[in-house]
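A.B. asks: Following this message is one structure expressed as structure tokens.
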Amino acid sequence: MFYRLGICLVLLGCLLALPFYFRKDEQLPPPASDCDVVVVISAHNKSVRDEYELAFRKYYRSKFGRDVSIDFRSPGGTSDIDRYINDRFINEFRLFCGENWQPEYAEIFNDPKQAAHPVRQQFLNSDVGIGIDVFAGGGTFVHQRMASRGYAVDGGVKERHPEYLAAIPAKFGGETIYDPQGRYYGVVLSTFGILCNYDRLNELSDKSVPQRWSDLAQARFFNALVVADPSKSGSANKCYEIIVQQCMAQAGNPADGWRHGLNLLKRIFANARNVTDSASKVVGDVARGEAAAGTAIDTYGFAEENWSGHCFDSSKVVYITPKGGTAVGADPVQILRGAPNRKVAEAFVDFLLSPAGQKLHCFQAGTDGGPAKTTLNRPPVRQDLYVDKYRDRMFRPGYNPYASGADFEYRPQWTGRYYSLLSRVIKSIMLDPQPELQAAWRAILRAGGPEKVPEAMVYFNALPFEYQDAQKAAASLKRADAPAAAAAVLRQWSVDAAANYRMAEKLAKEGR
């Protein structure tokens with residue numbers, strides 16, 4: 001008996017070792033002590049970092065005949081990286097100014113509105129850096145902000161490889177794919193959608209797969225959704241901005257759409273049983289069956305769908321691109337001012353935009369040109385890869401975000417300047433008073449729905465300000481000289497929202 005068990009264990013060990021044996025030629029020895037280095041700050045997960053390291057080392061050695069190492073820095077999510085880079089540049093510019101530094105310079109040197117100010121000009125003409133070469137990932141909004149502050153510089157791809165940019169549209173669906181001044185370049189595309197768990201859907205009164213953002217506000221999803229906190233996840237906030245924008249487009253004017261969009265988000269957050277601190281955790285909760293559905297980024301949704309399909313006869317989850325509300329955005333890379341390893345940084349950016357770097361993101365693991373171990377499930381920005389000859393190697397054959405996002409046009413003039421404001425509004429009127437929000441929504445649903453209790457809905461739909469007052473509201477939260485005043489504004493919004501929800505609950509229970 002023990003002899004047979006031993007043979008089985010040996011055979012099992014050999015079986016498990018086979019993948020590592022056949023992949024041994026894809027491993028590289030540790031970088032030499034005198035190798036070139038590029039310092040990259042990013043919120044990318046370990047799988048992406050590992051594939052970048054392996055593929056870039058091969059690329060760099062073939063191009064330059066030298067070894068290279070990527071020194072990854074990961075202080076947290078995109079919002080954390082944004083704060084980290086900003087704080088570092090403020091400190092480094094203060095050291096650069098030395099005895100000439102004045103406290104007000106911290107509000108001038110990185111303000112694009114102060115273009116003519118000598119302090120701003122001094123910074124833009126300097127090579128002040130923070131010891132980091134490249135910022136990778138995180139979405140277009142934060143890269144645009146880094147560029148406007150002067151933290152990012154021209155990466156020079158247009159001069160070195162104009163053929164790369166010829167394969168990439170400068171804009172798509174209202175979104176900027178790469179900066180005309182070269183301060184950031186989209187590497188992959190992202191869409192936002194809905195991840196669903198079939199088993200959990202089958203437990204609901206209506207078992208159909210949601211097809212639109214508004215479906216998530218339906219009564220059947222009460223206590224069955226998972227969403228991410230936009231104050232901690234930039235990608236989640238982008239998703240909510242798209243929902244608001246879709247409502248604006250459908251309403252025919254921004255003011256009504258803003259109101260409808262925020263109140264749609266209220267219902268979605270009221271249906272949530274869990275609020276996570278990152279977009280990646282949403283798909284994990286849905287995949288484990290802790291929720292029937294959740295908002296998701298395509299790369300996370302596709303990864304879970306593929307993984308579930310490998311583990312079961314058919315996938316237990318499915319990623320849906322919402323009808324009429326699928327926006328395509330870029331996930332960029334940029335070279336930071338004062339990059340200590342500028343030439344290596346340029347090579348890294350070139351690699352990511354090259355055919356080899358693009359295939360790394362979208363080909364299946366183990367295929368010719370694909371990643372070594374982990375399929376990254378990232379749609380490339382290069383349009384020349386969406387062709388038949390690559391179809392079978394793509395992580396999802398036939399998927400083309402340039403086609404899936406064609407039904408939605410992002411209008412930055414509507415909500416772009418209120419991107420940060422939106423996350424703070426959601427937190428103050430939906431997350432901080434979520435117990436009161438859910439209690440009100442539960443009472444409304446038990447009363448027969450919004451149409452049955454119009455008086456209750458007046459209080460449920462109350463907002464701290466209308467769209468025409470958004471600029472004033474945003475300004476009230478940006479007063480660097482009075483942070484306590486800004487905190488008081490947010491606190492008052494939360495207090496007022498909680499009071500409105502309590503009144504909505506009372507009126508709903510009275511059938512009004």
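Every chain in the structure tokens takes a letter, A first, then B, and so on in the order presented; its residues are numbered from 1, and the ligands are numbered from 1 following the presented order.
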Would you please give, as a PyMOL selection string, all residues of range 47-198 of chain A that DSSP assigns to helix (DSSP H, G or I) based on the backbone?
C.D. replies: chain A and resi 47-64+78-100+103-107+112-114+118-124+140-149+157-160+162-166+198
A.B. asks: Could you write out, as a list in words, all the residues of range 228-401 of chain A that DSSP marks as strand (DSSP E)?
C.D. replies: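 Across range 228-401 of chain A, those assigned strand (DSSP E) are Ala228, Ala272, Arg273, Asn274, Val275, Thr276, Ala293, Gly294, Thr295, Ala296, Ile297, Val317, Val318, Tyr319, Ile320, Val328, Gly329, Ala330, Asp331, Pro332, Val333, Gln334, Ile335 and Leu336 of chain A.
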A.B. asks: What does the distance from CA of Asp298 in chain A to CA of Ile243 in chain A come to in Å, to one decimal?
C.D. replies: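 That distance, rounded to one decimal, is 15.6 Å.
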A.B. asks: Name all residues at most 10 Å from Thr326 in chain A (count only C-alpha atoms; drop same-chain ones fewer than 6 positions away) and give them as a PyMOL selection string.
C.D. replies: chain A and resi 173+190-193+212-213+239+242-243+246+320+401+404-410
A.B. asks: Can you work out which one of A:Asn306, A:Gln245, A:Ser423, A:Ser315 has the shortest atom-to-atom distance to Ala327 in chain A, counting only C-alpha atoms?
C.D. replies: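 Selected residue with least distance to Ala327 in chain A: A:Gln245.
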A.B. asks: Which is closer to His361 in chain A than all the others in A:Leu216, A:Ala32, A:Arg49, A:Ala293, using only C-alpha atoms?
C.D. replies: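 Of all the options, A:Arg49 lies closest to His361 in chain A.
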A.B. asks: Env of range 448-457 of chain A: 10 Å cut, atoms = only C-alpha atoms, seq-sep filter 3 positions within chain, self excluded. Answer as JSON, numbers by chain.
C.D. replies: {"A": [218, 219, 440, 441, 442, 443, 444, 445, 460, 461, 462, 500, 501, 502, 503, 504, 505, 506, 507, 508, 509, 510, 511, 512]}
A.B. asks: Taking N, CA, C and O atoms for each residue, export the selection above as a short mmCIF file (atom, residue, chain, number, x, y, z; two decimals), in the first residue's frame.
C.D. replies:
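Output file result-v4.cif is given in full below:
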data_model
loop_
_atom_site.label_atom_id
_atom_site.label_comp_id
_atom_site.auth_asym_id
_atom_site.auth_seq_id
_atom_site.Cartn_x
_atom_site.Cartn_y
_atom_site.Cartn_z
N GLN A 218 -31.63 47.73 -10.05
CA GLN A 218 -32.90 47.04 -9.91
C GLN A 218 -33.05 46.42 -8.52
O GLN A 218 -32.06 46.07 -7.86
N ALA A 219 -34.30 46.25 -8.12
CA ALA A 219 -34.59 45.73 -6.77
C ALA A 219 -34.01 44.33 -6.55
O ALA A 219 -33.63 43.98 -5.44
N ALA A 440 -33.09 53.38 3.76
CA ALA A 440 -34.10 54.11 2.99
C ALA A 440 -34.48 53.33 1.74
O ALA A 440 -35.67 53.21 1.40
N TRP A 441 -33.50 52.80 1.03
CA TRP A 441 -33.76 52.06 -0.20
C TRP A 441 -34.55 50.78 0.09
O TRP A 441 -35.46 50.42 -0.67
N ARG A 442 -34.23 50.12 1.19
CA ARG A 442 -34.97 48.91 1.58
C ARG A 442 -36.44 49.25 1.83
O ARG A 442 -37.36 48.54 1.36
N ALA A 443 -36.68 50.34 2.53
CA ALA A 443 -38.06 50.75 2.82
C ALA A 443 -38.80 51.12 1.54
O ALA A 443 -39.99 50.80 1.38
N ILE A 444 -38.12 51.77 0.61
CA ILE A 444 -38.74 52.15 -0.66
C ILE A 444 -39.11 50.92 -1.47
O ILE A 444 -40.21 50.83 -2.05
N LEU A 445 -38.20 49.94 -1.50
CA LEU A 445 -38.48 48.71 -2.25
C LEU A 445 -39.63 47.93 -1.61
O LEU A 445 -40.50 47.39 -2.32
N PHE A 460 -34.85 61.02 -0.99
CA PHE A 460 -33.82 60.06 -1.41
C PHE A 460 -32.95 60.66 -2.51
O PHE A 460 -31.72 60.46 -2.54
N ASN A 461 -33.55 61.43 -3.41
CA ASN A 461 -32.83 61.98 -4.56
C ASN A 461 -32.19 63.34 -4.30
O ASN A 461 -31.57 63.91 -5.21
N ALA A 462 -32.31 63.85 -3.10
CA ALA A 462 -31.74 65.18 -2.80
C ALA A 462 -30.22 65.14 -2.93
O ALA A 462 -29.56 64.18 -2.52
N ASN A 500 -31.61 63.17 5.10
CA ASN A 500 -32.55 62.97 3.99
C ASN A 500 -32.93 61.50 3.84
O ASN A 500 -34.10 61.17 3.57
N TYR A 501 -31.97 60.61 4.03
CA TYR A 501 -32.27 59.17 3.91
C TYR A 501 -33.19 58.71 5.04
O TYR A 501 -34.08 57.89 4.84
N ARG A 502 -32.97 59.25 6.22
CA ARG A 502 -33.84 58.87 7.34
C ARG A 502 -35.28 59.34 7.08
O ARG A 502 -36.24 58.62 7.37
N MET A 503 -35.42 60.55 6.52
CA MET A 503 -36.76 61.04 6.20
C MET A 503 -37.37 60.21 5.07
O MET A 503 -38.58 59.90 5.10
N ALA A 504 -36.57 59.83 4.08
CA ALA A 504 -37.07 58.99 2.98
C ALA A 504 -37.55 57.65 3.53
O ALA A 504 -38.59 57.14 3.11
N GLU A 505 -36.81 57.09 4.47
CA GLU A 505 -37.20 55.81 5.07
C GLU A 505 -38.54 55.95 5.79
O GLU A 505 -39.44 55.11 5.66
N LYS A 506 -38.67 57.03 6.55
CA LYS A 506 -39.91 57.27 7.32
C LYS A 506 -41.12 57.41 6.37
O LYS A 506 -42.16 56.78 6.60
N LEU A 507 -40.95 58.21 5.34
CA LEU A 507 -42.05 58.44 4.41
C LEU A 507 -42.41 57.16 3.64
O LEU A 507 -43.59 56.89 3.37
N ALA A 508 -41.39 56.37 3.29
CA ALA A 508 -41.63 55.12 2.56
C ALA A 508 -42.43 54.14 3.44
O ALA A 508 -43.34 53.45 2.96
N LYS A 509 -42.09 54.09 4.72
CA LYS A 509 -42.82 53.18 5.63
C LYS A 509 -44.27 53.64 5.82
O LYS A 509 -45.14 52.83 6.14
N GLU A 510 -44.49 54.94 5.60
CA GLU A 510 -45.87 55.47 5.70
C GLU A 510 -46.61 55.37 4.37
O GLU A 510 -47.75 55.81 4.25
N GLY A 511 -45.89 54.85 3.34
CA GLY A 511 -46.52 54.70 2.03
C GLY A 511 -46.64 55.99 1.27
O GLY A 511 -47.46 56.12 0.35
N ARG A 512 -45.81 56.92 1.62
CA ARG A 512 -45.86 58.24 0.97
C ARG A 512 -44.63 58.45 0.10
O ARG A 512 -44.22 59.50 -0.19
#
A.B. asks: At a cut-off of 7 Å, using only C-alpha atoms, what residues contact range 335-339 of chain A? Leave out same-chain residues fewer than 2 positions from it and give the result as a list in words.
C.D. replies: Asp127, Val128, Gly129, Gly131, Ile132, Asp133, Val134, Phe135, Tyr151, Ala152, Val153, Gly155, Asn341, Arg342 and Ala345 of chain A
A.B. asks: Check the smallest atom-to-atom distance from each of A:Pro180, A:Pro30, A:Pro210, A:Gly257 to Tyr319 in chain A using only C-alpha atoms, then report the winner.
C.D. replies: A:Pro210
A.B. asks: Considering only C-alpha atoms, state which residue in the set A:Leu421, A:Met248, A:Leu431, A:Val344 is at the smallest distance from Asp71 in chain A.
C.D. replies: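 Ranked by minimum distance to Asp71 in chain A, first place goes to A:Val344.
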